[in-house]
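A.B. asks: Provided herewith: my_file07.cif, mmCIF, C-alpha atoms.
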data_input
#
loop_
_atom_site.label_atom_id
_atom_site.label_comp_id
_atom_site.auth_asym_id
_atom_site.auth_seq_id
_atom_site.Cartn_x
_atom_site.Cartn_y
_atom_site.Cartn_z
CA MET A 1 87.27 9.08 2.44
CA THR A 2 89.64 11.05 4.67
CA LYS A 3 93.23 9.96 4.26
CA VAL A 4 95.45 8.97 7.16
CA MET A 5 99.25 9.23 7.35
CA ASN A 6 99.77 5.70 6.03
CA ASP A 7 97.79 6.53 2.89
CA TYR A 8 100.16 9.40 2.10
CA LEU A 9 103.21 7.23 2.84
CA ASN A 10 101.84 4.54 0.50
CA ASP A 11 101.11 7.12 -2.20
CA SER A 12 104.72 8.29 -1.98
CA LYS A 13 105.84 4.83 -3.18
CA VAL A 14 104.32 5.72 -6.55
CA LYS A 15 105.49 9.35 -6.70
CA PRO A 16 107.28 11.61 -4.16
CA ILE A 17 104.97 13.99 -2.28
CA LEU A 18 105.42 17.49 -0.90
CA ILE A 19 102.89 18.15 1.88
CA GLU A 20 102.15 21.60 3.25
CA PHE A 21 100.21 21.89 6.49
CA TRP A 22 98.74 25.41 6.58
CA SER A 23 96.08 27.34 8.48
CA PRO A 24 93.85 30.28 7.44
CA GLY A 25 95.43 32.60 10.04
CA CYS A 26 98.97 31.92 8.82
CA ALA A 27 100.51 35.06 7.27
CA ILE A 28 103.66 33.26 6.11
CA CYS A 29 101.51 30.67 4.28
CA LYS A 30 99.74 33.46 2.41
CA THR A 31 103.01 35.25 1.62
CA ILE A 32 104.70 32.21 0.06
CA GLU A 33 101.60 31.04 -1.82
CA GLY A 34 102.71 32.44 -5.21
CA ASP A 35 106.28 31.13 -4.95
CA LEU A 36 105.02 27.76 -3.78
CA ASN A 37 102.69 27.47 -6.77
CA ASN A 38 105.63 28.32 -9.06
CA LEU A 39 107.71 25.60 -7.43
CA VAL A 40 104.90 23.07 -7.78
CA ASN A 41 104.63 23.92 -11.51
CA GLU A 42 108.41 23.66 -11.89
CA LEU A 43 108.38 20.17 -10.34
CA ALA A 44 105.20 18.96 -12.06
CA GLY A 45 105.51 15.30 -13.00
CA LYS A 46 108.30 14.72 -10.48
CA VAL A 47 106.58 15.59 -7.20
CA GLU A 48 102.93 15.46 -6.15
CA PHE A 49 101.80 18.44 -4.05
CA VAL A 50 99.28 18.07 -1.23
CA LYS A 51 97.97 21.05 0.73
CA ILE A 52 96.36 20.21 4.06
CA ASP A 53 94.10 22.66 5.91
CA SER A 54 95.24 22.00 9.48
CA PRO A 55 92.09 23.03 11.40
CA GLU A 56 90.05 20.63 9.25
CA ASN A 57 92.42 17.68 9.73
CA MET A 58 93.17 17.39 13.43
CA PRO A 59 93.86 13.61 13.46
CA LEU A 60 96.51 14.06 10.71
CA LEU A 61 98.24 16.76 12.77
CA ILE A 62 98.67 14.31 15.60
CA GLU A 63 99.90 11.54 13.28
CA PHE A 64 102.41 13.82 11.56
CA ASP A 65 103.31 15.55 14.88
CA VAL A 66 102.67 19.05 13.51
CA TYR A 67 102.57 22.10 15.81
CA SER A 68 102.99 25.12 13.54
CA SER A 69 102.06 26.63 10.19
CA PRO A 70 103.44 26.16 7.70
CA THR A 71 105.02 22.73 8.15
CA PHE A 72 106.32 20.88 5.09
CA PHE A 73 107.11 17.21 4.59
CA ILE A 74 108.87 15.53 1.68
CA LEU A 75 107.72 11.90 1.39
CA LYS A 76 109.29 9.26 -0.83
CA ASP A 77 109.23 5.44 -1.01
CA GLY A 78 106.88 5.19 1.97
CA ALA A 79 109.00 7.29 4.34
CA ILE A 80 109.44 10.89 5.48
CA LEU A 81 112.62 12.22 3.86
CA GLN A 82 112.55 15.67 5.45
CA LYS A 83 110.41 17.89 7.68
CA PHE A 84 110.53 21.70 7.65
CA LYS A 85 108.70 23.92 10.12
CA GLY A 86 107.93 27.63 10.25
CA ASP A 87 109.39 30.22 7.89
CA SER A 88 111.37 27.65 5.92
CA PHE A 89 110.11 27.78 2.35
CA GLY A 90 113.57 28.76 1.04
CA LYS A 91 114.99 25.55 2.54
CA VAL A 92 112.15 23.47 1.09
CA LYS A 93 112.82 24.87 -2.38
CA GLU A 94 116.56 24.30 -2.10
CA ALA A 95 116.09 20.73 -0.81
CA LEU A 96 113.66 19.76 -3.59
CA ARG A 97 115.82 21.29 -6.34
CA THR A 98 118.91 19.54 -4.97
CA MET A 99 117.05 16.21 -4.80
CA VAL A 100 115.93 16.60 -8.42
CA LEU A 101 119.46 17.61 -9.50
CA TYR A 102 120.99 14.50 -7.92
CA GLY A 103 118.24 12.19 -9.12
CA VAL A 104 116.82 11.51 -5.66
CA LEU A 105 113.37 12.54 -6.87
CA MET B 1 118.97 44.02 -12.79
CA GLU B 2 115.80 46.07 -12.40
CA PHE B 3 115.81 49.85 -11.77
CA TYR B 4 113.14 51.54 -9.68
CA ASP B 5 112.37 55.02 -8.38
CA ILE B 6 111.47 53.58 -4.98
CA CYS B 7 112.17 50.30 -3.26
CA VAL B 8 110.06 49.71 -0.17
CA ILE B 9 111.52 47.23 2.29
CA GLY B 10 108.73 45.74 4.37
CA ALA B 11 105.15 44.81 3.53
CA GLY B 12 103.25 45.93 6.64
CA PRO B 13 100.93 48.97 6.93
CA ALA B 14 103.87 51.44 6.70
CA GLY B 15 105.46 49.86 3.62
CA LEU B 16 102.20 49.16 1.81
CA THR B 17 100.86 52.69 2.42
CA ALA B 18 104.18 54.08 1.17
CA ALA B 19 103.77 51.94 -1.96
CA ILE B 20 100.18 53.12 -2.52
CA TYR B 21 101.28 56.76 -2.34
CA ALA B 22 104.34 56.14 -4.52
CA GLY B 23 102.20 54.31 -7.08
CA ARG B 24 99.72 57.17 -7.22
CA TYR B 25 102.67 59.56 -7.77
CA ASN B 26 103.49 57.42 -10.82
CA LEU B 27 106.83 56.35 -9.37
CA LYS B 28 108.18 52.98 -10.45
CA THR B 29 107.96 51.11 -7.16
CA ILE B 30 108.66 47.64 -5.79
CA VAL B 31 107.87 46.19 -2.35
CA LEU B 32 110.08 43.50 -0.81
CA GLY B 33 108.69 41.92 2.35
CA ARG B 34 109.11 38.75 4.35
CA VAL B 35 105.51 38.62 5.63
CA PHE B 36 102.72 40.15 3.57
CA GLY B 37 100.85 42.49 5.89
CA GLY B 38 103.59 42.45 8.54
CA THR B 39 102.70 42.09 12.21
CA ILE B 40 99.09 43.23 11.73
CA SER B 41 98.45 40.17 9.53
CA MET B 42 98.79 38.02 12.67
CA ALA B 43 96.21 39.97 14.66
CA HIS B 44 93.09 37.98 15.47
CA GLU B 45 90.90 41.04 15.10
CA VAL B 46 91.49 44.72 14.29
CA GLY B 47 88.81 47.07 15.59
CA ASN B 48 90.39 50.50 15.12
CA TRP B 49 91.08 50.70 11.38
CA PRO B 50 88.84 53.48 10.03
CA GLY B 51 86.07 52.26 7.79
CA THR B 52 86.02 48.74 9.18
CA GLU B 53 84.43 48.11 12.57
CA LYS B 54 85.95 44.65 12.81
CA ILE B 55 88.31 42.84 10.47
CA SER B 56 90.81 40.04 10.91
CA GLY B 57 94.46 41.02 10.57
CA ALA B 58 94.81 38.55 7.70
CA ASP B 59 91.92 40.13 5.76
CA LEU B 60 93.17 43.65 6.40
CA ALA B 61 96.63 42.64 5.16
CA ASN B 62 95.10 41.02 2.10
CA ASN B 63 93.11 44.19 1.32
CA MET B 64 96.27 46.29 1.55
CA ILE B 65 98.27 43.92 -0.67
CA ASN B 66 95.49 43.89 -3.29
CA HIS B 67 95.32 47.69 -3.18
CA VAL B 68 99.07 47.94 -3.86
CA LYS B 69 98.91 45.34 -6.65
CA SER B 70 95.96 47.15 -8.27
CA LEU B 71 98.35 50.04 -8.91
CA GLY B 72 100.62 47.72 -10.90
CA ILE B 73 103.23 47.51 -8.13
CA GLU B 74 105.15 44.29 -7.58
CA VAL B 75 105.09 42.89 -4.04
CA LEU B 76 107.64 40.12 -3.65
CA PRO B 77 108.14 37.78 -0.69
CA LYS B 78 111.82 38.52 -0.22
CA ARG B 79 114.04 38.89 2.80
CA VAL B 80 116.44 41.78 2.15
CA GLU B 81 120.03 40.94 3.07
CA GLN B 82 121.87 44.17 2.36
CA VAL B 83 121.33 47.76 1.24
CA THR B 84 124.33 49.56 -0.25
CA LYS B 85 124.52 53.09 -1.61
CA VAL B 86 126.59 53.42 -4.78
CA ASP B 87 126.82 57.08 -5.88
CA ASP B 88 123.17 58.19 -5.96
CA MET B 89 121.64 54.73 -6.33
CA PHE B 90 120.83 52.08 -3.77
CA VAL B 91 121.56 48.41 -4.44
CA ILE B 92 119.18 46.20 -2.50
CA ALA B 93 120.30 42.59 -2.29
CA CYS B 94 118.02 39.66 -1.49
CA GLU B 95 118.71 35.94 -1.82
CA GLY B 96 119.36 35.44 -5.56
CA PHE B 97 117.87 38.80 -6.49
CA THR B 98 119.07 42.41 -6.71
CA VAL B 99 117.17 45.66 -7.14
CA ASN B 100 118.46 49.16 -7.93
CA ALA B 101 116.49 52.13 -6.67
CA LYS B 102 116.89 55.88 -6.40
CA LYS B 103 115.17 55.98 -3.00
CA VAL B 104 114.59 53.40 -0.30
CA ILE B 105 111.78 53.42 2.23
CA LEU B 106 112.69 51.18 5.11
CA ALA B 107 109.54 49.85 6.73
CA CYS B 108 110.84 46.51 7.93
CA GLY B 109 109.10 46.69 11.31
CA THR B 110 110.21 44.63 14.25
CA LYS B 111 110.93 41.03 15.11
CA ARG B 112 109.39 39.26 18.03
CA ARG B 113 111.28 39.45 21.30
CA GLN B 114 112.46 36.04 22.47
CA LEU B 115 112.47 34.52 25.93
CA ASN B 116 116.26 34.08 25.91
CA VAL B 117 115.96 30.74 27.68
CA ALA B 118 117.92 27.61 26.77
CA ARG B 119 116.46 25.35 24.01
CA GLU B 120 114.16 28.11 22.71
CA GLU B 121 115.18 27.62 19.07
CA GLU B 122 114.94 23.83 19.34
CA PHE B 123 111.36 24.00 20.62
CA THR B 124 110.19 26.68 18.16
CA GLY B 125 107.61 24.94 15.98
CA ASN B 126 107.70 21.99 18.37
CA GLY B 127 105.35 23.44 20.95
CA LEU B 128 106.80 26.94 21.21
CA SER B 129 105.18 29.62 19.07
CA TYR B 130 105.18 33.38 18.58
CA CYS B 131 101.83 33.49 16.72
CA ASN B 132 98.59 32.26 18.23
CA THR B 133 96.50 33.05 15.11
CA CYS B 134 98.86 30.81 13.09
CA ASP B 135 99.39 27.99 15.56
CA GLY B 136 96.66 28.12 18.22
CA ILE B 137 94.57 25.54 16.39
CA TYR B 138 97.30 22.91 16.88
CA PHE B 139 96.55 22.89 20.61
CA LYS B 140 92.81 22.23 20.56
CA ASP B 141 91.63 20.77 23.89
CA ARG B 142 95.15 20.82 25.34
CA VAL B 143 96.85 22.87 28.05
CA VAL B 144 98.90 25.84 26.84
CA GLY B 145 100.76 28.80 28.31
CA VAL B 146 101.09 32.43 27.26
CA VAL B 147 104.07 34.50 28.36
CA GLY B 148 103.32 38.22 28.64
CA GLY B 149 100.71 40.34 30.39
CA GLY B 150 100.36 43.25 27.95
CA ASN B 151 97.74 43.70 25.22
CA ALA B 152 99.16 40.93 23.03
CA GLY B 153 99.50 38.50 25.96
CA CYS B 154 95.96 39.10 27.22
CA SER B 155 94.47 38.90 23.71
CA SER B 156 96.32 35.68 22.97
CA ALA B 157 95.24 34.10 26.26
CA ASN B 158 91.61 35.01 25.56
CA GLU B 159 91.69 33.66 22.01
CA LEU B 160 93.44 30.47 23.06
CA ALA B 161 90.93 29.96 25.88
CA GLY B 162 88.34 29.37 23.17
CA VAL B 163 90.41 26.54 21.67
CA ALA B 164 92.53 25.04 24.43
CA LYS B 165 91.42 23.09 27.47
CA GLN B 166 93.23 25.44 29.83
CA VAL B 167 95.49 28.49 29.46
CA HIS B 168 98.19 29.57 31.91
CA ILE B 169 99.08 33.24 31.51
CA ILE B 170 102.52 34.09 32.86
CA CYS B 171 102.85 37.80 33.63
CA PRO B 172 106.11 39.34 34.90
CA GLU B 173 104.24 42.18 36.66
CA SER B 174 101.96 41.99 39.71
CA SER B 175 98.89 42.73 37.54
CA PHE B 176 98.03 43.35 33.87
CA ILE B 177 99.15 46.99 34.13
CA PHE B 178 100.31 47.16 30.50
CA ALA B 179 97.04 45.84 29.04
CA GLU B 180 93.98 47.83 28.09
CA PRO B 181 91.20 47.22 30.69
CA ILE B 182 88.91 45.76 27.98
CA ARG B 183 91.48 42.99 27.38
CA SER B 184 92.46 42.25 31.00
CA LYS B 185 88.79 42.07 32.04
CA LEU B 186 88.23 39.23 29.59
CA ILE B 187 90.97 37.30 31.39
CA GLU B 188 89.18 37.79 34.71
CA ASP B 189 85.93 36.57 33.15
CA ASN B 190 87.45 33.41 31.68
CA SER B 191 87.24 30.41 33.95
CA ASN B 192 89.79 28.30 32.05
CA ILE B 193 92.62 30.85 32.35
CA VAL B 194 95.03 30.42 35.26
CA LYS B 195 97.03 33.54 36.19
CA HIS B 196 100.66 33.55 37.33
CA PHE B 197 101.84 37.04 38.38
CA ASN B 198 105.39 38.20 39.21
CA ALA B 199 106.65 35.20 37.23
CA THR B 200 108.92 34.58 34.26
CA VAL B 201 109.88 31.41 32.42
CA VAL B 202 113.34 30.21 33.50
CA GLU B 203 113.37 26.75 31.89
CA LEU B 204 111.78 25.00 28.93
CA ILE B 205 111.16 21.32 29.63
CA GLY B 206 110.76 18.54 27.06
CA ASP B 207 112.41 15.89 24.92
CA ASP B 208 111.86 16.17 21.17
CA ARG B 209 109.05 18.67 21.83
CA LEU B 210 108.00 21.06 24.56
CA LYS B 211 106.29 19.41 27.54
CA GLY B 212 106.32 22.16 30.14
CA VAL B 213 107.97 25.16 31.76
CA LYS B 214 109.58 26.07 35.05
CA LEU B 215 108.78 29.53 36.40
CA SER B 216 110.98 31.89 38.40
CA ASP B 217 109.04 31.07 41.58
CA GLY B 218 109.85 27.37 41.14
CA THR B 219 106.41 26.34 39.84
CA VAL B 220 106.51 23.66 37.13
CA ILE B 221 103.60 23.60 34.66
CA SER B 222 102.92 20.77 32.20
CA LEU B 223 102.04 22.29 28.82
CA ALA B 224 101.55 21.12 25.25
CA GLY B 225 102.25 24.59 23.87
CA LEU B 226 103.72 27.91 24.90
CA PHE B 227 103.01 31.25 23.16
CA VAL B 228 105.50 34.07 23.62
CA GLU B 229 103.94 37.55 23.60
CA ILE B 230 106.56 39.81 25.17
CA GLY B 231 106.76 42.48 22.52
CA ALA B 232 109.01 43.11 19.57
CA GLU B 233 112.07 45.13 18.61
CA PRO B 234 113.83 46.13 15.36
CA ASP B 235 116.40 43.79 13.85
CA LYS B 236 119.53 45.50 15.21
CA VAL B 237 121.87 43.22 13.25
CA PHE B 238 120.25 44.18 9.93
CA LEU B 239 120.11 47.90 10.74
CA THR B 240 123.76 47.90 11.78
CA LYS B 241 124.72 45.95 8.64
CA ILE B 242 123.18 48.58 6.38
CA GLY B 243 124.92 51.34 8.36
CA LEU B 244 121.85 52.99 9.83
CA PRO B 245 122.38 54.49 13.31
CA ILE B 246 119.99 53.27 16.02
CA ASN B 247 119.14 54.82 19.38
CA LYS B 248 119.81 53.18 22.76
CA ASN B 249 116.60 51.16 22.47
CA GLY B 250 117.52 49.86 19.04
CA TYR B 251 115.15 51.99 16.95
CA VAL B 252 115.85 54.19 13.94
CA VAL B 253 115.39 57.90 14.54
CA ALA B 254 113.89 59.64 11.52
CA ASP B 255 113.17 63.36 11.25
CA SER B 256 109.71 64.86 10.89
CA LYS B 257 109.73 64.09 7.14
CA MET B 258 110.85 60.47 7.71
CA LYS B 259 114.40 61.14 6.47
CA THR B 260 117.19 59.14 8.09
CA SER B 261 120.86 60.08 8.39
CA ILE B 262 121.47 58.37 5.02
CA PRO B 263 120.33 60.73 2.22
CA GLY B 264 117.69 59.07 0.05
CA LEU B 265 116.83 56.44 2.67
CA PHE B 266 113.63 57.02 4.61
CA SER B 267 112.17 55.00 7.46
CA ALA B 268 108.58 54.46 8.53
CA GLY B 269 106.52 52.43 10.96
CA SER B 270 107.58 50.40 13.97
CA VAL B 271 111.27 50.32 12.99
CA ASN B 272 111.26 53.99 14.05
CA HIS B 273 111.40 55.24 17.60
CA ASN B 274 107.71 55.68 18.26
CA ASN B 275 105.63 55.99 21.41
CA PHE B 276 102.44 55.00 19.62
CA ASP B 277 103.10 51.75 17.79
CA GLN B 278 99.89 51.29 15.82
CA ALA B 279 98.99 50.36 12.24
CA ILE B 280 97.40 53.78 11.73
CA SER B 281 100.54 55.70 12.76
CA ALA B 282 102.70 53.33 10.67
CA ALA B 283 100.48 54.05 7.65
CA PHE B 284 100.84 57.80 8.24
CA GLN B 285 104.63 57.52 8.37
CA GLY B 286 104.67 55.41 5.21
CA ALA B 287 102.57 58.00 3.37
CA LEU B 288 104.81 60.82 4.58
CA ALA B 289 108.00 58.94 3.59
CA ALA B 290 106.62 58.41 0.07
CA ASN B 291 105.64 62.06 -0.17
CA THR B 292 109.11 63.23 0.91
CA ALA B 293 110.77 60.81 -1.52
CA TYR B 294 108.47 62.03 -4.30
CA LYS B 295 109.34 65.66 -3.63
CA GLU B 296 113.05 64.86 -3.72
CA LEU B 297 112.69 62.91 -6.97
CA LYS B 298 110.66 65.69 -8.49
CA GLY B 299 113.40 68.10 -7.52
CA ASP B 300 116.01 65.76 -9.09
CA LYS B 301 114.14 65.84 -12.36
CA LYS B 302 114.06 69.63 -12.55
#
Just dump the structure as structure tokens.
C.D. replies:
Amino acid sequence: MTKVMNDYLNDSKVKPILIEFWSPGCAICKTIEGDLNNLVNELAGKVEFVKIDSPENMPLLIEFDVYSSPTFFILKDGAILQKFKGDSFGKVKEALRTMVLYGVL
Amino acid sequence: MEFYDICVIGAGPAGLTAAIYAGRYNLKTIVLGRVFGGTISMAHEVGNWPGTEKISGADLANNMINHVKSLGIEVLPKRVEQVTKVDDMFVIACEGFTVNAKKVILACGTKRRQLNVAREEEFTGNGLSYCNTCDGIYFKDRVVGVVGGGNAGCSSANELAGVAKQVHIICPESSFIFAEPIRSKLIEDNSNIVKHFNATVVELIGDDRLKGVKLSDGTVISLAGLFVEIGAEPDKVFLTKIGLPINKNGYVVADSKMKTSIPGLFSAGSVNHNNFDQAISAAFQGALAANTAYKELKGDKK
């Protein structure tokens, strides 16, 4: 069954989630793919990673208010902690590492 | 710290072709680029690359990256912050990463020209976009605008017309004089494209996201999204920071062998002053830059 925003928020009560909204035509998404996979491996066990193909999930785009690729969300305890849009993978990485360092995640 | 014969800055057609040539010359080479494939990777369709009648920009970029990697060359998604020459070596600094190289091929291309209207940064990613192939899908069945009446503007408007409910194209000229006829004709044939000539955007309207624009003739249009397609220019701040002279239009002027005024630093592609800004000419310049660098290195080794 297709998940809605509330499902992801509920899931984040069990374990924090990093969501990436991407699209097939997004060059930045393709460029960061390797580094993103490395980050996901580095944070395995601490953060769940969900990759959402935007064109295939239009209702979710509206719920999450997403207008560009890539857009990242960090979800924890049923709430959105942070949203990052565009060419922002460096900031996502820094934020997640800082959160882990200070025990937020 | 890693040492290389050649460091290529930029991963578009110029940089990747330079890397292919350098790799085939057996030079230890690395490519540092912010967007794999560069500007061409955002093209909806490329129809003038020899050997491929039609290919998406993303697929063409992917083919080029795979070609470079097949030669054992590293391609890293890095934004270069500084290039410094120390004796005969270049030190290339990225965020948390430094490379040493004997030669540098600068193929960092251009960055998209902005509207220079208040709240532009705030709305970027919140309704304002510079890439319709990346973000067009977010505006399915909604009303969008395209600023620009050249090839990129007309192409974007046509592609968006297939997704959006209605497209307003905002052209500063009195007609699409800077677009190829094949592209402007598609605009004429599209019933859901509304044309605004002799008009520019003077105000972005919205709260937490873009809701519309005000044009120079006073017209206000309600929009869910706005795509800016008014060309591109080199990153003057970066070029100045690395000490590379630029001409009055902001481009690097290289000689016929792609040498710049800094010995050992070559430039190729759309960062150079160029009246024919195409992937094919960028690839040629990249190949030539690698060949010149190779000849100099070969001479060094004698």
A.B. asks: Give as an MDAnalysis selection string every residue of chain B that touches chain A within 9 Å, counting all atoms listed in the file.
C.D. replies: chainID B and resid 33:39 41:44 56:58 61:62 76:77 124:129 131:140 225
A.B. asks: Could you tell me how far atom CA of B:Asp235 sits from atom CA of A:Val92, in Å to one decimal place?
C.D. replies: 24.4 Å
A.B. asks: Using Å and a single decimal, report how far atom CA of B:Gly145 sits from atom CA of B:Leu160.
C.D. replies: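 That distance, rounded to one decimal, is 9.2 Å.
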A.B. asks: Atom CA of B:Ile105 to atom CA of A:Asn37: how many Å, to one decimal?
C.D. replies: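 That distance, rounded to one decimal, is 28.9 Å.
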A.B. asks: Residues at most 9 Å from B:Leu115, counting only C-alpha atoms, excluding those fewer than 6 positions away in the same chain, as a ChimeraX atom specification?
C.D. replies: /B:147,201-202,228,230
A.B. asks: Where does the PyMOL selection byres ((chain B and resi 254) around 12) land in this file, that is, which residues does it pick, as a PyMOL selection string?
C.D. replies: chain B and resi 105-107+244-247+251-253+255-263+265-274+285-286+288-289
A.B. asks: Identify all residues satisfying the PyMOL selection byres ((chain B and resi 280) around 9) in the given file; provide them as a PyMOL selection string.
C.D. replies: chain B and resi 13-14+48-50+277-279+281-285
A.B. asks: Applied to the shown file, which residues does the PyMOL selection byres ((chain B and resi 64) around 9) return, written as a list of chain:residue names?
C.D. replies: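 On the file shown, the PyMOL selection byres ((chain B and resi 64) around 9) covers B:Gly12, B:Pro13, B:Leu16, B:Thr17, B:Ile20, B:Gly37, B:Asp59, B:Leu60, B:Ala61, B:Asn62, B:Asn63, B:Ile65, B:Asn66, B:His67, B:Val68, B:Lys69.
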A.B. asks: As an NGL selection string, please: the residues near A:Ser12 (cut-off 6 Å, all atoms listed in the file, same-chain neighbours under 2 positions excluded).
C.D. replies: :A and (9-10 or 14-17 or 75-78)
A.B. asks: Output C-alpha atoms for every residue in that selection, as a PDB file, keeping the file's coordinate frame.
C.D. replies:
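This went into out.pdb:
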ATOM      1  CA  LEU A   9     103.210   7.230   2.840  1.00  0.00           C
ATOM      2  CA  ASN A  10     101.840   4.540   0.500  1.00  0.00           C
ATOM      3  CA  VAL A  14     104.320   5.720  -6.550  1.00  0.00           C
ATOM      4  CA  LYS A  15     105.490   9.350  -6.700  1.00  0.00           C
ATOM      5  CA  PRO A  16     107.280  11.610  -4.160  1.00  0.00           C
ATOM      6  CA  ILE A  17     104.970  13.990  -2.280  1.00  0.00           C
ATOM      7  CA  LEU A  75     107.720  11.900   1.390  1.00  0.00           C
ATOM      8  CA  LYS A  76     109.290   9.260  -0.830  1.00  0.00           C
ATOM      9  CA  ASP A  77     109.230   5.440  -1.010  1.00  0.00           C
ATOM     10  CA  GLY A  78     106.880   5.190   1.970  1.00  0.00           C
TER      11      GLY A  78
END
A.B. asks: With distances taken over only C-alpha atoms, which of A:Glu94, A:Asp7, A:Glu48, A:Glu42 is nearest to A:Leu60?
C.D. replies: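 When distances to A:Leu60 are compared using only C-alpha atoms, the smallest one comes from A:Asp7.
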A.B. asks: What residues have an atom no more than 8 Å from (114.3, 18.6, 23.8) in the file's own frame, counting only C-alpha atoms, and can you write them as a list in words?
C.D. replies: Arg119, Glu122, Phe123, Ile205, Gly206, Asp207, Asp208, Arg209 and Leu210 of chain B
A.B. asks: Excluding B:Phe97 and residues on its chain fewer than 4 positions from it, collect all residues at most 12 Å away from it, counting all atoms listed in the file, and give them as a list in words.
C.D. replies: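 Answer for this query is Met1, Glu2, Leu32, Leu76, Pro77, Lys78, Arg79, Val80, Glu81, Gln82, Val91, Ile92 and Ala93 of chain B.
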A.B. asks: Residues at most 8 Å from B:Ile187, counting only C-alpha atoms, excluding those fewer than 2 positions away in the same chain, as a PyMOL selection string?
C.D. replies: chain B and resi 154+157-158+183-185+189-190+193
A.B. asks: Since the input is missing atoms for stretch 83-98 of chain A, could you rebuild it with N, CA and C atoms and give the result as a PDB file, in the coordinates of the input?
C.D. replies:
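Full text of part.pdb as output:
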ATOM      1  N   LYS A  83     111.482  17.076   7.099  1.00  0.00           N
ATOM      2  CA  LYS A  83     110.410  17.890   7.680  1.00  0.00           C
ATOM      3  C   LYS A  83     110.946  19.307   7.853  1.00  0.00           C
ATOM      4  N   PHE A  84     110.134  20.302   7.509  1.00  0.00           N
ATOM      5  CA  PHE A  84     110.530  21.700   7.650  1.00  0.00           C
ATOM      6  C   PHE A  84     109.412  22.430   8.377  1.00  0.00           C
ATOM      7  N   LYS A  85     109.758  23.205   9.390  1.00  0.00           N
ATOM      8  CA  LYS A  85     108.700  23.920  10.120  1.00  0.00           C
ATOM      9  C   LYS A  85     108.944  25.420  10.115  1.00  0.00           C
ATOM     10  N   GLY A  86     107.852  26.172  10.165  1.00  0.00           N
ATOM     11  CA  GLY A  86     107.930  27.630  10.250  1.00  0.00           C
ATOM     12  C   GLY A  86     108.312  28.279   8.922  1.00  0.00           C
ATOM     13  N   ASP A  87     109.032  29.398   9.044  1.00  0.00           N
ATOM     14  CA  ASP A  87     109.390  30.220   7.890  1.00  0.00           C
ATOM     15  C   ASP A  87     110.560  29.570   7.144  1.00  0.00           C
ATOM     16  N   SER A  88     110.277  28.461   6.455  1.00  0.00           N
ATOM     17  CA  SER A  88     111.370  27.650   5.920  1.00  0.00           C
ATOM     18  C   SER A  88     111.216  27.342   4.436  1.00  0.00           C
ATOM     19  N   PHE A  89     110.378  28.119   3.742  1.00  0.00           N
ATOM     20  CA  PHE A  89     110.110  27.780   2.350  1.00  0.00           C
ATOM     21  C   PHE A  89     111.381  27.784   1.503  1.00  0.00           C
ATOM     22  N   GLY A  90     112.300  28.712   1.782  1.00  0.00           N
ATOM     23  CA  GLY A  90     113.570  28.760   1.040  1.00  0.00           C
ATOM     24  C   GLY A  90     114.315  27.428   1.133  1.00  0.00           C
ATOM     25  N   LYS A  91     114.302  26.836   2.320  1.00  0.00           N
ATOM     26  CA  LYS A  91     114.990  25.550   2.540  1.00  0.00           C
ATOM     27  C   LYS A  91     114.275  24.420   1.806  1.00  0.00           C
ATOM     28  N   VAL A  92     112.942  24.482   1.791  1.00  0.00           N
ATOM     29  CA  VAL A  92     112.150  23.470   1.090  1.00  0.00           C
ATOM     30  C   VAL A  92     112.505  23.487  -0.403  1.00  0.00           C
ATOM     31  N   LYS A  93     112.526  24.693  -0.954  1.00  0.00           N
ATOM     32  CA  LYS A  93     112.820  24.870  -2.380  1.00  0.00           C
ATOM     33  C   LYS A  93     114.209  24.335  -2.711  1.00  0.00           C
ATOM     34  N   GLU A  94     115.170  24.718  -1.876  1.00  0.00           N
ATOM     35  CA  GLU A  94     116.560  24.300  -2.100  1.00  0.00           C
ATOM     36  C   GLU A  94     116.675  22.764  -2.014  1.00  0.00           C
ATOM     37  N   ALA A  95     116.008  22.185  -1.001  1.00  0.00           N
ATOM     38  CA  ALA A  95     116.090  20.730  -0.810  1.00  0.00           C
ATOM     39  C   ALA A  95     115.491  19.993  -2.011  1.00  0.00           C
ATOM     40  N   LEU A  96     114.324  20.438  -2.467  1.00  0.00           N
ATOM     41  CA  LEU A  96     113.660  19.760  -3.590  1.00  0.00           C
ATOM     42  C   LEU A  96     114.488  19.875  -4.866  1.00  0.00           C
ATOM     43  N   ARG A  97     115.008  21.089  -5.120  1.00  0.00           N
ATOM     44  CA  ARG A  97     115.820  21.290  -6.340  1.00  0.00           C
ATOM     45  C   ARG A  97     117.089  20.439  -6.285  1.00  0.00           C
ATOM     46  N   THR A  98     117.691  20.350  -5.116  1.00  0.00           N
ATOM     47  CA  THR A  98     118.910  19.540  -4.970  1.00  0.00           C
ATOM     48  C   THR A  98     118.587  18.063  -5.202  1.00  0.00           C
TER      49      THR A  98
END
